[in-house]
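Structure file work.cif with mmCIF, C-alpha atoms:
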data_model
loop_
_atom_site.label_atom_id
_atom_site.label_comp_id
_atom_site.auth_asym_id
_atom_site.auth_seq_id
_atom_site.Cartn_x
_atom_site.Cartn_y
_atom_site.Cartn_z
CA MET A 1098 103.09 51.00 303.37
CA PHE A 1099 103.54 49.41 306.78
CA LEU A 1100 100.99 50.47 309.37
CA SER A 1101 101.65 49.78 313.01
CA PRO A 1102 98.89 48.75 315.44
CA CYS A 1103 98.52 52.43 316.37
CA GLY A 1104 97.58 53.23 312.75
CA CYS A 1105 100.62 55.35 311.81
CA SER A 1106 103.38 54.63 309.31
CA ARG A 1107 106.99 54.03 310.26
CA ARG A 1108 107.98 57.30 308.51
CA HIS A 1109 105.43 59.27 310.53
CA PHE A 1110 106.50 57.55 313.76
CA LEU A 1111 110.23 58.24 313.18
CA GLY A 1112 109.49 61.82 312.11
CA ALA A 1113 107.52 62.44 315.27
CA MET A 1114 110.26 60.86 317.39
CA GLY A 1115 112.95 62.95 315.68
CA THR A 1116 111.02 66.11 316.41
CA GLY A 1117 110.70 65.04 320.03
CA PHE A 1118 114.41 64.34 320.44
CA GLY A 1119 115.27 67.50 318.53
CA THR A 1120 113.11 69.54 320.86
CA LEU A 1121 114.82 68.01 323.88
CA ALA A 1122 118.26 68.79 322.44
CA LEU A 1123 117.26 72.34 321.52
CA ASN A 1124 115.86 72.89 325.01
CA SER A 1125 119.15 71.77 326.53
CA LEU A 1126 121.21 74.04 324.25
CA LEU A 1127 118.98 77.06 324.89
CA ARG A 1128 119.20 76.45 328.63
CA LEU A 1129 123.02 76.44 328.42
CA ASP A 1130 123.01 79.66 326.36
CA ALA A 1131 120.68 81.31 328.85
CA ALA A 1132 122.92 80.24 331.73
CA ALA A 1133 125.99 81.56 329.92
CA SER A 1134 124.37 84.97 329.34
CA MET A 1135 123.50 85.41 333.03
CA PRO A 1136 126.16 86.78 335.40
CA ALA A 1137 128.16 84.03 337.03
CA PRO A 1138 127.47 83.44 340.73
CA VAL A 1139 130.02 84.59 343.27
CA THR A 1140 130.07 81.27 345.12
CA ILE A 1141 130.67 77.85 343.61
CA ASP A 1142 127.84 75.34 343.73
CA PRO A 1143 129.37 72.32 345.54
CA LEU A 1144 127.00 69.98 343.67
CA ASN A 1145 128.08 71.38 340.28
CA PRO A 1146 131.77 72.37 340.37
CA PHE A 1147 131.90 72.82 336.57
CA SER A 1148 129.18 75.48 336.51
CA PRO A 1149 130.21 78.91 335.16
CA ARG A 1150 131.78 81.20 337.74
CA ARG A 1151 133.74 84.41 337.89
CA PRO A 1152 137.49 83.94 337.49
CA HIS A 1153 139.95 85.41 339.98
CA PHE A 1154 141.09 87.80 337.24
CA ARG A 1155 140.05 88.48 333.65
CA PRO A 1156 141.73 85.71 331.62
CA ARG A 1157 143.44 86.53 328.34
CA ALA A 1158 142.78 83.01 327.04
CA ARG A 1159 139.29 81.68 326.50
CA SER A 1160 140.41 78.16 325.71
CA VAL A 1161 143.54 76.01 325.49
CA ILE A 1162 144.44 73.35 322.96
CA PHE A 1163 147.00 70.95 324.42
CA LEU A 1164 148.12 67.98 322.35
CA PHE A 1165 150.05 65.20 324.03
CA MET A 1166 150.77 62.48 321.51
CA VAL A 1167 152.40 59.43 323.02
CA GLY A 1168 154.63 57.44 320.72
CA GLY A 1169 156.28 58.34 317.47
CA PRO A 1170 159.92 58.46 316.47
CA SER A 1171 162.56 58.66 319.17
CA SER A 1172 163.98 62.07 319.99
CA VAL A 1173 167.52 60.80 319.31
CA ASP A 1174 166.39 59.96 315.75
CA THR A 1175 164.70 63.30 315.02
CA PHE A 1176 165.76 66.51 316.83
CA ASP A 1177 167.98 65.54 319.78
CA TYR A 1178 171.47 65.18 318.31
CA LYS A 1179 173.85 63.28 320.61
CA PRO A 1180 177.36 63.48 319.11
CA LYS A 1181 178.88 61.38 321.91
CA LEU A 1182 176.29 58.64 321.37
CA GLN A 1183 177.07 58.66 317.64
CA GLU A 1184 180.77 58.38 318.50
CA LEU A 1185 180.20 55.43 320.88
CA ASP A 1186 177.80 53.58 318.53
CA GLY A 1187 178.41 49.81 318.81
CA LYS A 1188 180.81 50.17 321.76
CA PRO A 1189 180.21 48.76 325.27
CA VAL A 1190 178.25 50.84 327.78
CA PRO A 1191 180.81 52.90 329.75
CA LYS A 1192 181.32 52.08 333.41
CA SER A 1193 180.30 55.61 334.39
CA ILE A 1194 176.83 55.03 332.90
CA ARG A 1195 176.50 51.61 334.54
CA ASP A 1196 177.49 53.10 337.91
CA ALA A 1197 174.95 55.91 337.50
CA VAL A 1198 172.20 53.40 336.64
CA GLU A 1199 173.04 51.24 339.65
CA ALA A 1200 173.05 54.34 341.89
CA THR A 1201 169.41 54.95 340.94
CA ARG A 1202 168.57 51.33 341.88
CA HIS A 1203 167.69 50.43 338.31
CA ALA A 1204 170.43 47.83 338.00
CA ASN A 1205 168.29 45.62 335.76
CA VAL A 1206 167.61 48.39 333.25
CA PHE A 1207 169.55 46.55 330.54
CA HIS A 1208 167.50 43.34 331.07
CA GLY A 1209 170.19 41.09 329.62
CA CYS A 1210 170.39 43.02 326.34
CA LYS A 1211 173.60 43.37 324.37
CA ASP A 1212 176.05 45.48 326.32
CA GLU A 1213 176.59 48.10 323.63
CA LEU A 1214 175.31 51.56 322.82
CA MET A 1215 173.31 52.31 319.70
CA GLY A 1216 173.44 55.67 318.00
CA SER A 1217 170.91 56.96 315.53
CA PRO A 1218 171.09 55.31 312.09
CA PHE A 1219 170.26 58.66 310.45
CA GLN A 1220 172.55 61.45 309.26
CA TRP A 1221 172.45 64.81 311.03
CA ARG A 1222 172.86 68.38 309.77
CA GLN A 1223 172.29 71.85 311.15
CA HIS A 1224 169.42 73.84 309.62
CA GLY A 1225 168.06 77.38 309.58
CA GLN A 1226 169.44 80.52 311.18
CA SER A 1227 169.21 78.84 314.58
CA GLY A 1228 171.57 76.06 313.49
CA MET A 1229 169.26 73.44 314.98
CA TRP A 1230 170.35 69.85 314.43
CA VAL A 1231 167.77 67.76 312.54
CA SER A 1232 168.18 64.24 311.21
CA ASP A 1233 167.53 63.36 307.58
CA LEU A 1234 164.42 61.53 308.80
CA MET A 1235 162.63 64.92 308.80
CA PRO A 1236 163.78 66.73 305.62
CA HIS A 1237 160.63 68.84 305.17
CA THR A 1238 160.36 69.77 308.84
CA ALA A 1239 164.03 70.82 308.74
CA GLN A 1240 163.10 73.59 306.28
CA HIS A 1241 160.88 75.20 308.95
CA VAL A 1242 163.14 74.66 311.95
CA ASP A 1243 163.28 78.39 312.81
CA ASP A 1244 159.49 78.44 313.24
CA LEU A 1245 159.45 75.60 315.79
CA CYS A 1246 160.04 75.55 319.54
CA PHE A 1247 162.25 72.79 320.95
CA ILE A 1248 162.47 71.94 324.64
CA HIS A 1249 165.63 69.98 325.43
CA SER A 1250 165.59 70.54 329.19
CA MET A 1251 162.79 68.18 330.26
CA GLN A 1252 163.70 66.03 333.24
CA SER A 1253 161.79 63.48 335.26
CA ASP A 1254 162.16 61.70 338.57
CA SER A 1255 161.69 58.35 336.82
CA ASN A 1256 163.35 56.62 333.86
CA ASN A 1257 160.07 54.89 332.92
CA HIS A 1258 157.64 56.42 330.45
CA ALA A 1259 154.36 56.01 332.37
CA PRO A 1260 155.43 57.71 335.63
CA SER A 1261 157.23 60.39 333.61
CA SER A 1262 154.04 61.08 331.67
CA TYR A 1263 152.11 61.42 334.93
CA GLN A 1264 154.75 63.85 336.16
CA LEU A 1265 154.50 65.91 332.96
CA HIS A 1266 150.73 66.30 333.39
CA THR A 1267 150.36 66.47 337.18
CA GLY A 1268 153.77 67.22 338.69
CA GLU A 1269 153.87 63.82 340.43
CA ILE A 1270 155.10 60.42 339.25
CA ARG A 1271 152.21 58.65 341.00
CA PRO A 1272 148.67 58.93 339.60
CA GLY A 1273 145.94 60.62 341.58
CA LYS A 1274 146.72 64.34 341.35
CA ALA A 1275 144.74 66.78 339.22
CA SER A 1276 146.13 67.15 335.70
CA LEU A 1277 146.81 70.27 333.69
CA GLY A 1278 143.54 69.73 331.82
CA SER A 1279 141.61 69.53 335.09
CA TRP A 1280 143.09 72.79 336.30
CA LEU A 1281 142.28 74.49 332.99
CA THR A 1282 138.69 73.27 333.16
CA TYR A 1283 138.49 74.45 336.77
CA GLY A 1284 139.96 77.88 335.97
CA LEU A 1285 138.29 78.62 332.63
CA GLY A 1286 135.09 76.62 333.05
CA THR A 1287 133.73 74.37 330.34
CA GLU A 1288 131.07 74.54 327.65
CA ASN A 1289 130.17 70.90 328.28
CA GLN A 1290 129.42 70.17 331.91
CA ASP A 1291 128.81 66.49 331.15
CA LEU A 1292 132.46 65.62 330.43
CA PRO A 1293 135.11 65.25 333.12
CA GLY A 1294 138.11 67.60 333.16
#
Could I get this file's structure written as structure tokens?
Amino acid sequence: MFLSPCGCSRRHFLGAMGTGFGTLALNSLLRLDAAASMPAPVTIDPLNPFSPRRPHFRPRARSVIFLFMVGGPSSVDTFDYKPKLQELDGKPVPKSIRDAVEATRHANVFHGCKDELMGSPFQWRQHGQSGMWVSDLMPHTAQHVDDLCFIHSMQSDSNNHAPSSYQLHTGEIRPGKASLGSWLTYGLGTENQDLPG
């Protein structure tokens, strides 16, 4: 057995330290529970904007789970059937598209690539009672197509992914505005006041 200069074993020392840290953690959790059980103040503490407060109206939701997963298969290879793109696969980019691109001042969008369109390499079929088009890349998902929600009307003020992602979350293509998550934390409060919204 190893004895330190203070005369206690390592096991005793670590046990005592664990109890100390456990007590600190328990104290913090009990303090949060006590604060949650007290009525929320009418005014917001400017030094602690995440502290519990009364909402403007009684919310129906207590929490929100929002998943934004960047990446993955392209929409034109999964659920966004483009019959005209399939028809023009391998053909030069039409002048109408080039003119539209130049009108948005993104004349270098093709960056010297081959001047031809590329359709999806997958086969497409309609599925379910809704008749939703799904590629053969997603055969199992296609069986549940009537239980899913598809949004095909999303638009952005930018053709680039990063500014478009900012716009999805904040309503602006430039960073700096509060995101949806920040507004949810502000409106519903948070159980963990140590994490940013």
### Query
Expressed in Å to a single decimal, how great is the separation between CA of Leu1277 (chain A) and CA of Ser1160 (chain A)?
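Taking CA of Leu1277 (chain A) as the start and CA of Ser1160 (chain A) as the end point, the length is 12.9 Å.
Taking CA of Phe1176 (chain A) and CA of Ala1259 (chain A) as the two end points, the separation is 21.9 Å.
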### Message
Need the shell around region 1220-1235 of chain A: protein/DNA/RNA residues with any atom at most 7 Å away, counting all atoms listed in the file. Skip same-chain ones fewer than 4 positions apart. Format as a PyMOL selection string?
### Response
chain A and resi 1174-1176+1178+1239+1242-1243
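Picture a line from CA of Arg1155 (chain A) to CA of His1266 (chain A); it runs 24.6 Å.
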### Query
Can you list, as a ChimeraX atom specification, every protein, DNA or RNA residue that comes within 12 Å of Ala1275 (chain A) when you count all atoms listed in the file, leaving out same-chain residues fewer than 3 positions away?
/A:1263-1269,1271-1272,1278-1283,1293-1294
### Query
Nearest to Phe1247 (chain A) among A:Lys1188, A:Arg1159, A:Lys1181, A:Ser1172, with distances taken over all atoms listed in the file: which residue is it?
A:Ser1172
### Query
Of the residues A:Cys1246, A:Ile1270, A:Met1215, A:Met1251, which is the one nearest to Leu1185 (chain A), using all atoms listed in the file?
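Closest to Leu1185 (chain A) of all the choices is A:Met1215.
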### Query
Which residue, A:Ser1262, A:Asn1257, A:Ser1250, A:Gln1240, has the smallest gap to Met1166 (chain A) when you use all atoms listed in the file?
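The shortest atom-to-atom distance to Met1166 (chain A) comes from A:Ser1262.
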